[in-house]
Amino acid sequence: MTDVGVSDMAMYIPPFYIPHRELASARGVPWEKYQIGLGNNKMSILPNWEDAVTMAANAGAQLLEKTGTGPKEIRQLVVCTESGVDHSKPVASFVQGLLKIGSRCRVYEIKHACYGGTAGIVHSIDWIARNHNLPKKALVIMTDIALYGFGSAGEPTQGAGAVALLIEKDPLLCSIDTSVNGVFSRDVFDFWRPTGHRFPVVDGKYSIACYLTALEGAVSHMRSNLGLHNERVLEAVDYLVYHMPFTNMSRKAHRHLIDFEYGDLGLEDREQLFVDTFKAKVEPGLLGAREVGNIYTGSVYMGLVSLLEAEAERVAGKRVGLFSYGSGCGAEFFVCEMKPEITKIIEGLRFQEQLNRRKRITFEQYVQICSKGWAEILYQPLEIQTFKDTFTRFAFTGLKDHKRQYVCL
Ligand code: HMG
């Protein structure tokens, strides 16, 4: 069987954040609800000179540069997002232009709420496996802005960011055997954003129930695909990363996994197993959700990056189980088999460095940024140069003749 998977990854996190304590105080909510109840500490705020396109291009540029991949080597560019900027022109085409990706490349956008990124990865892996005698590389980028209404229950779960993955044969970071993945999908209204709406409509508690049902369904399908034999999930993987719309969703998911996998154990034993395995297998992947918030399509992959940095000394050669969920709903459970020599790749992730470079903004600045519509945005060439930093290379400067304008800083 051809070995296909991920050779490297890059994250892009916008340069501003607001602490949840400040949001809680402005909304008259006890800070403990956000920090302890949801498990969130800070949320990333996207400035008006950035959007899903610039974040995707910033992550993609970083990845091409650090892997020494020429833009023309990319034969499939997939951008996965639910924060599209046009009903017809895909975000992927804007990114193709900004990254100077060649014309002999399949370029498209995928939308399926937070699950879209996983669809892009699985499709790219299968495409490379089918063409295994040809040198093919795919660039899959997830980019999203999780924006909810001011004062809504979802507001403290906001965030923004992008993740880029280089998919190829004989991968350097991890292999993924998609033939044993477990999938689950169902037509539900748990979270959706009707065309023309700025914010999603959410049935919050129901969305959590749908997520948990999907987890159970995806694991059960993986078992019938022989991705799991007689062992249970916790015996088959060393680490677990769940899709995290807010940090504590991973606690709910892990508790549910233990309940349906270990129904033969008593309540106390299940609780002890939860405490032990959550700490060892799940907690190392929580940094991104806690410090950035929900980044929709990229959320579970930001969890993987968090895990890689946190467990840099131990993760080589290990098996990482990923659960990807998207409202609507679609889900997939799969395993990344980490390669034995990944220290250099982990050093190049620079996730913590990006978090450290962010500037804190006030609640008033947050309201001002998130109140603006695209039509109000117009930046002049001299002004935009000041937005550049190590990770921010592209800016959105406004609309001209209904065409979105971008510059390389
Ligand atoms: P809510 O209903 O306002 O919050 O919003 P709550 O009352 O359920 O409280 C949250 C937690 O804080 C609870 O903990 C409270 O007990 C606790 P839990 O019982 O759940 O463990 N709490 C406190 N703790 C300490 N001190 C206090 C205190 N007060 C309360 N003083 C909700 C919560 C998640 C519903 C809301 O944030 C929301 O609607 N979020 C958006 C939807 C969402 O994230 N759904 C998750 C699954 S669907 C999904 O993941 C897909 C998604 O990513 C979209 C996509 O696919 O594109 C969202």
# chains A, B, ... in the order shown; residues from 1 in each chain; ligands from 1

$ select_by_dssp --residues "stretch 209-399 of chain A" --states "strand (DSSP E or B)" --output "JSON, numbers by chain"
{"A": [239, 240, 241, 242, 319, 320, 321, 322, 323, 324, 325, 326, 330, 331, 332, 333, 334, 335, 336, 337, 338, 359, 360, 378, 394, 395, 396, 397, 398, 399]}

$ write_last_selection --atoms "N, CA and C atoms" --output "PDB file, in the first residue's frame"
ATOM      1  N   TYR A 239      -2.761   9.281  21.733  1.00  0.00           N
ATOM      2  CA  TYR A 239      -3.332  10.611  21.989  1.00  0.00           C
ATOM      3  C   TYR A 239      -4.644  10.731  21.235  1.00  0.00           C
ATOM      4  N   LEU A 240      -5.485  11.655  21.709  1.00  0.00           N
ATOM      5  CA  LEU A 240      -6.767  11.917  21.040  1.00  0.00           C
ATOM      6  C   LEU A 240      -6.963  13.418  20.895  1.00  0.00           C
ATOM      7  N   VAL A 241      -7.321  13.847  19.693  1.00  0.00           N
ATOM      8  CA  VAL A 241      -7.663  15.263  19.495  1.00  0.00           C
ATOM      9  C   VAL A 241      -9.094  15.314  18.968  1.00  0.00           C
ATOM     10  N   TYR A 242      -9.955  16.012  19.695  1.00  0.00           N
ATOM     11  CA  TYR A 242     -11.353  16.170  19.288  1.00  0.00           C
ATOM     12  C   TYR A 242     -11.544  17.544  18.653  1.00  0.00           C
ATOM     13  N   ARG A 319       0.599   7.030  17.852  1.00  0.00           N
ATOM     14  CA  ARG A 319      -0.652   7.057  17.075  1.00  0.00           C
ATOM     15  C   ARG A 319      -1.589   8.110  17.675  1.00  0.00           C
ATOM     16  N   VAL A 320      -2.024   9.035  16.825  1.00  0.00           N
ATOM     17  CA  VAL A 320      -2.905  10.107  17.295  1.00  0.00           C
ATOM     18  C   VAL A 320      -4.278   9.938  16.640  1.00  0.00           C
ATOM     19  N   GLY A 321      -5.314   9.769  17.446  1.00  0.00           N
ATOM     20  CA  GLY A 321      -6.682   9.667  16.923  1.00  0.00           C
ATOM     21  C   GLY A 321      -7.282  11.058  16.793  1.00  0.00           C
ATOM     22  N   LEU A 322      -7.900  11.360  15.638  1.00  0.00           N
ATOM     23  CA  LEU A 322      -8.522  12.672  15.432  1.00  0.00           C
ATOM     24  C   LEU A 322     -10.011  12.501  15.194  1.00  0.00           C
ATOM     25  N   PHE A 323     -10.813  13.331  15.868  1.00  0.00           N
ATOM     26  CA  PHE A 323     -12.246  13.330  15.588  1.00  0.00           C
ATOM     27  C   PHE A 323     -12.642  14.692  15.027  1.00  0.00           C
ATOM     28  N   SER A 324     -13.083  14.670  13.775  1.00  0.00           N
ATOM     29  CA  SER A 324     -13.467  15.899  13.087  1.00  0.00           C
ATOM     30  C   SER A 324     -14.995  15.949  13.007  1.00  0.00           C
ATOM     31  N   TYR A 325     -15.591  17.084  13.424  1.00  0.00           N
ATOM     32  CA  TYR A 325     -17.054  17.215  13.363  1.00  0.00           C
ATOM     33  C   TYR A 325     -17.431  18.530  12.686  1.00  0.00           C
ATOM     34  N   GLY A 326     -18.414  18.486  11.830  1.00  0.00           N
ATOM     35  CA  GLY A 326     -18.956  19.707  11.229  1.00  0.00           C
ATOM     36  C   GLY A 326     -20.465  19.670  11.329  1.00  0.00           C
ATOM     37  N   GLY A 330     -21.567  16.294   9.561  1.00  0.00           N
ATOM     38  CA  GLY A 330     -20.672  15.272   9.029  1.00  0.00           C
ATOM     39  C   GLY A 330     -19.494  15.101   9.974  1.00  0.00           C
ATOM     40  N   ALA A 331     -18.987  13.876  10.090  1.00  0.00           N
ATOM     41  CA  ALA A 331     -17.899  13.637  11.030  1.00  0.00           C
ATOM     42  C   ALA A 331     -17.014  12.504  10.534  1.00  0.00           C
ATOM     43  N   GLU A 332     -15.795  12.483  11.014  1.00  0.00           N
ATOM     44  CA  GLU A 332     -14.866  11.398  10.647  1.00  0.00           C
ATOM     45  C   GLU A 332     -13.877  11.178  11.779  1.00  0.00           C
ATOM     46  N   PHE A 333     -13.619   9.904  12.061  1.00  0.00           N
ATOM     47  CA  PHE A 333     -12.622   9.543  13.062  1.00  0.00           C
ATOM     48  C   PHE A 333     -11.499   8.828  12.329  1.00  0.00           C
ATOM     49  N   PHE A 334     -10.253   9.255  12.547  1.00  0.00           N
ATOM     50  CA  PHE A 334      -9.133   8.619  11.849  1.00  0.00           C
ATOM     51  C   PHE A 334      -7.859   8.714  12.681  1.00  0.00           C
ATOM     52  N   VAL A 335      -6.842   7.984  12.218  1.00  0.00           N
ATOM     53  CA  VAL A 335      -5.601   7.911  12.997  1.00  0.00           C
ATOM     54  C   VAL A 335      -4.428   8.427  12.183  1.00  0.00           C
ATOM     55  N   CYS A 336      -3.603   9.276  12.809  1.00  0.00           N
ATOM     56  CA  CYS A 336      -2.344   9.744  12.203  1.00  0.00           C
ATOM     57  C   CYS A 336      -1.221   8.943  12.856  1.00  0.00           C
ATOM     58  N   GLU A 337      -0.454   8.234  12.026  1.00  0.00           N
ATOM     59  CA  GLU A 337       0.698   7.465  12.543  1.00  0.00           C
ATOM     60  C   GLU A 337       1.911   8.363  12.424  1.00  0.00           C
ATOM     61  N   MET A 338       2.393   8.865  13.541  1.00  0.00           N
ATOM     62  CA  MET A 338       3.505   9.814  13.495  1.00  0.00           C
ATOM     63  C   MET A 338       4.799   9.094  13.122  1.00  0.00           C
ATOM     64  N   LYS A 359      -1.261  41.085  20.113  1.00  0.00           N
ATOM     65  CA  LYS A 359      -1.494  42.263  20.957  1.00  0.00           C
ATOM     66  C   LYS A 359      -2.894  42.162  21.558  1.00  0.00           C
ATOM     67  N   ARG A 360      -2.987  42.553  22.818  1.00  0.00           N
ATOM     68  CA  ARG A 360      -4.294  42.571  23.489  1.00  0.00           C
ATOM     69  C   ARG A 360      -5.061  43.817  23.032  1.00  0.00           C
ATOM     70  N   LEU A 378     -11.191  50.292   3.547  1.00  0.00           N
ATOM     71  CA  LEU A 378     -10.345  50.828   2.477  1.00  0.00           C
ATOM     72  C   LEU A 378      -9.015  51.226   3.103  1.00  0.00           C
ATOM     73  N   PHE A 394       0.048  39.205   3.890  1.00  0.00           N
ATOM     74  CA  PHE A 394      -0.941  39.643   2.905  1.00  0.00           C
ATOM     75  C   PHE A 394      -2.026  40.474   3.595  1.00  0.00           C
ATOM     76  N   ALA A 395      -2.559  41.440   2.868  1.00  0.00           N
ATOM     77  CA  ALA A 395      -3.631  42.267   3.439  1.00  0.00           C
ATOM     78  C   ALA A 395      -4.744  42.470   2.417  1.00  0.00           C
ATOM     79  N   PHE A 396      -5.955  42.623   2.964  1.00  0.00           N
ATOM     80  CA  PHE A 396      -7.143  42.945   2.161  1.00  0.00           C
ATOM     81  C   PHE A 396      -7.284  44.460   2.223  1.00  0.00           C
ATOM     82  N   THR A 397      -7.380  45.116   1.065  1.00  0.00           N
ATOM     83  CA  THR A 397      -7.404  46.587   1.096  1.00  0.00           C
ATOM     84  C   THR A 397      -8.764  47.171   0.741  1.00  0.00           C
ATOM     85  N   GLY A 398      -9.735  46.354   0.390  1.00  0.00           N
ATOM     86  CA  GLY A 398     -11.065  46.885   0.102  1.00  0.00           C
ATOM     87  C   GLY A 398     -11.616  46.351  -1.206  1.00  0.00           C
ATOM     88  N   LEU A 399     -12.777  46.890  -1.609  1.00  0.00           N
ATOM     89  CA  LEU A 399     -13.446  46.434  -2.843  1.00  0.00           C
ATOM     90  C   LEU A 399     -13.321  47.497  -3.924  1.00  0.00           C
TER      91      LEU A 399
END

$ residues_around --residues "stretch 252-260 of chain A" --least-positions-apart "3" --cutoff "12 Å" --atoms "only C-alpha atoms" --output "PyMOL selection string"
chain A and resi 37-39+208-220+232-235+239-249+263-279+281-283+321-325

$ atom_distance --atom1 "atom CA of A:Met55" --atom2 "atom CA of A:Lys42"
18.8 Å

$ residues_near_ligand --ligand "ligand 1" --cutoff "6 Å" --atoms "only C-alpha atoms and all ligand atoms" --output "list in words"
Pro30, Glu32, Lys33, Ile36, Gly37, Leu38, Ala113, Cys114, Ala153, Gly154, Thr157, Val202, Gly204, Lys205, Ser207, Ile208, Tyr211, Pro245, Tyr296, Gly326 and Ser327 of chain A

$ residues_around --residues "A:Gly68" --least-positions-apart "6" --cutoff "12 Å" --atoms "only C-alpha atoms" --output "PyMOL selection string"
chain A and resi 7-8+61-62+74+166

$ atom_distance --atom1 "atom CA of A:Tyr12" --atom2 "atom CA of A:Met142"
10.1 Å
